[in-house]
>>> print(open('upload.txt').read())   # compact mmCIF, C-alpha atoms
# COMPACT_ATOMS: atom_id res chain seq x y z
CA MET C 87 0.00 0.00 0.00
CA GLU C 88 2.81 2.32 0.81
CA PHE C 89 4.36 1.62 -2.60
CA ALA C 90 1.13 2.71 -4.31
CA ASN C 91 1.08 5.93 -2.31
CA LYS C 92 4.68 6.72 -3.25
CA LEU C 93 3.93 5.99 -6.90
CA SER C 94 0.85 8.23 -6.92
CA ASN C 95 2.75 11.05 -5.16
CA LEU C 96 5.52 10.74 -7.73
CA ALA C 97 2.98 10.93 -10.57
CA ILE C 98 1.31 14.00 -9.07
CA LYS C 99 4.68 15.74 -8.66
CA ALA C 100 5.58 14.88 -12.28
CA VAL C 101 2.31 16.31 -13.59
CA ASN C 102 2.79 19.49 -11.60
CA SER C 103 6.44 19.83 -12.63
CA ASP C 104 7.21 22.46 -15.27
CA ALA C 105 9.98 20.30 -16.72
CA VAL C 106 7.57 17.46 -17.53
CA VAL C 107 5.02 19.84 -19.07
CA ASN C 108 7.73 21.60 -21.09
CA THR C 109 9.11 18.27 -22.28
CA PHE C 110 5.64 17.14 -23.34
CA LEU C 111 5.07 20.40 -25.22
CA ALA C 112 8.49 20.18 -26.92
CA VAL C 113 7.83 16.60 -28.06
CA SER C 114 4.40 17.62 -29.35
CA LEU C 115 5.89 20.55 -31.26
CA LEU C 116 8.56 18.29 -32.75
CA ALA C 117 5.92 15.76 -33.86
CA ILE C 118 3.84 18.50 -35.48
CA THR C 119 6.92 19.90 -37.24
CA VAL C 120 7.86 16.49 -38.66
CA ARG C 121 4.29 15.97 -39.86
CA SER C 122 4.25 19.42 -41.45
CA VAL C 123 7.53 18.83 -43.28
CA ASN C 124 6.24 15.52 -44.65
CA GLN C 125 3.02 17.13 -45.80
CA GLN C 126 4.95 19.93 -47.49
CA LYS C 127 7.03 17.36 -49.40
CA ASP C 128 3.84 15.60 -50.48
CA ILE C 129 2.33 18.89 -51.63
CA LYS C 130 5.40 19.74 -53.72
CA ALA C 131 5.38 16.28 -55.29
CA LEU C 132 1.67 16.58 -56.13
CA GLU C 133 2.15 20.06 -57.60
CA SER C 134 4.93 18.86 -59.87
CA GLU C 135 2.82 15.86 -60.90
CA LYS C 136 -0.09 18.19 -61.62
CA GLU C 137 2.12 20.41 -63.76
CA SER C 138 3.40 17.45 -65.76
CA LEU C 139 -0.17 16.15 -66.25
CA VAL C 140 -1.37 19.56 -67.40
CA ASN C 141 1.50 19.74 -69.91
CA ALA C 142 0.74 16.21 -71.12
CA ASN C 143 -2.94 17.10 -71.54
CA LYS C 144 -2.03 20.21 -73.52
CA ALA C 145 0.23 18.16 -75.77
CA ILE C 146 -2.52 15.58 -76.32
CA LYS C 147 -5.06 18.30 -77.14
CA LYS C 148 -2.63 19.87 -79.62
CA THR C 149 -1.98 16.50 -81.23
CA MET C 150 -5.69 15.80 -81.51
CA TRP C 151 -6.25 19.26 -83.01
CA ASP C 152 -3.47 18.67 -85.55
CA TRP C 153 -4.92 15.27 -86.49
CA LYS C 154 -8.37 16.80 -86.89
CA GLN C 155 -7.01 19.56 -89.11
CA GLN C 156 -5.08 16.99 -91.16
CA LEU C 157 -8.25 14.90 -91.50
CA PHE C 158 -10.19 17.95 -92.69
CA ALA C 159 -7.40 18.81 -95.15
CA GLU C 160 -7.40 15.28 -96.55
CA ALA C 161 -11.20 15.33 -96.83
CA ALA C 162 -11.04 18.62 -98.73
CA SER C 163 -8.53 17.23 -101.20
CA GLU C 164 -9.39 15.39 -104.40
CA SER C 165 -9.17 11.86 -102.99
CA LEU C 166 -12.34 11.77 -100.91
CA LEU C 167 -12.33 8.86 -98.54
CA VAL C 168 -14.81 10.60 -96.28
CA PRO C 169 -16.58 13.78 -97.40
CA LEU C 170 -15.70 16.96 -95.55
CA ALA C 171 -19.34 17.64 -94.70
CA THR C 172 -19.61 14.26 -93.00
CA LEU C 173 -16.49 14.91 -90.95
CA LYS C 174 -17.69 18.35 -89.92
CA SER C 175 -21.05 16.93 -88.86
CA ILE C 176 -19.26 14.26 -86.80
CA TYR C 177 -17.22 16.92 -85.00
CA GLY C 178 -20.22 19.22 -84.63
CA GLU C 179 -18.83 21.92 -86.91
CA ALA C 180 -21.29 21.57 -89.77
CA PRO C 181 -23.39 24.62 -90.45
CA THR C 182 -27.11 24.14 -90.02
CA PRO C 183 -28.76 23.66 -93.41
CA SER C 184 -30.85 26.57 -94.60
CA THR C 185 -34.34 26.03 -95.99
CA GLY C 186 -33.04 26.04 -99.56
CA GLU C 187 -30.54 23.28 -98.84
CA ALA C 188 -32.85 21.03 -96.85
CA VAL C 189 -33.84 17.82 -98.55
CA ASN C 190 -37.43 16.74 -98.22
CA GLU C 191 -38.13 13.34 -96.73
CA GLU C 192 -40.55 12.63 -99.60
CA SER C 193 -37.86 13.06 -102.25
CA LYS C 194 -35.54 10.50 -100.63
CA PRO C 195 -35.85 6.98 -101.97
CA SER C 196 -37.17 4.72 -99.26
CA ALA C 197 -36.40 1.03 -99.13
CA ALA C 198 -39.39 -0.17 -97.15
CA LYS C 199 -41.76 1.37 -94.70
CA PHE C 200 -42.89 -0.62 -91.74
CA VAL C 201 -46.41 -0.23 -90.45
CA VAL C 202 -47.15 -1.55 -87.01
>>> encode(input="upload.txt", output="structure tokens")
Amino acid sequence: MEFANKLSNLAIKAVNSDAVVNTFLAVSLLAITVRSVNQQKDIKALESEKESLVNANKAIKKTMWDWKQQLFAEAASESLLVPLATLKSIYGEAPTPSTGEAVNEESKPSAAKFVV
């Protein structure tokens, strides 16, 4: 019983001691500093990865734009594999047909009409 009393008195003195409190605060500050440094390294790594991904996306967009322009140029040339109007309608760049250019449904040849 006396051992327990001595141990509890020692614990109470340690809690009330400025040295113990200061040591605890210093260790806490050190732990927070280490965590902050690690997070800062992670942030820098993520920022550099973001920058490289943005540059890669820009390069891909430029390549796709160049391919699209090349495809339009080839479609406009004499060897028509795919008509330019079809390509522009695929990419959503075709102008809307005016009333004079619209083709009537009645004038189109129909293969078979299904009646249900």
>>> atom_distance(input="upload.txt", atom1="CA of Gln155 (chain C)", atom2="CA of Leu173 (chain C)")
10.7 Å
>>> closest_residue(input="upload.txt", among="C:Ser163, C:Leu170, C:Thr109, C:Tyr177", to="Trp151 (chain C)", atoms="only C-alpha atoms")
C:Tyr177
>>> atom_distance(input="upload.txt", atom1="CA of Asn91 (chain C)", atom2="CA of Leu111 (chain C)")
27.4 Å
>>> atom_distance(input="upload.txt", atom1="CA of Val106 (chain C)", atom2="CA of Thr119 (chain C)")
19.9 Å
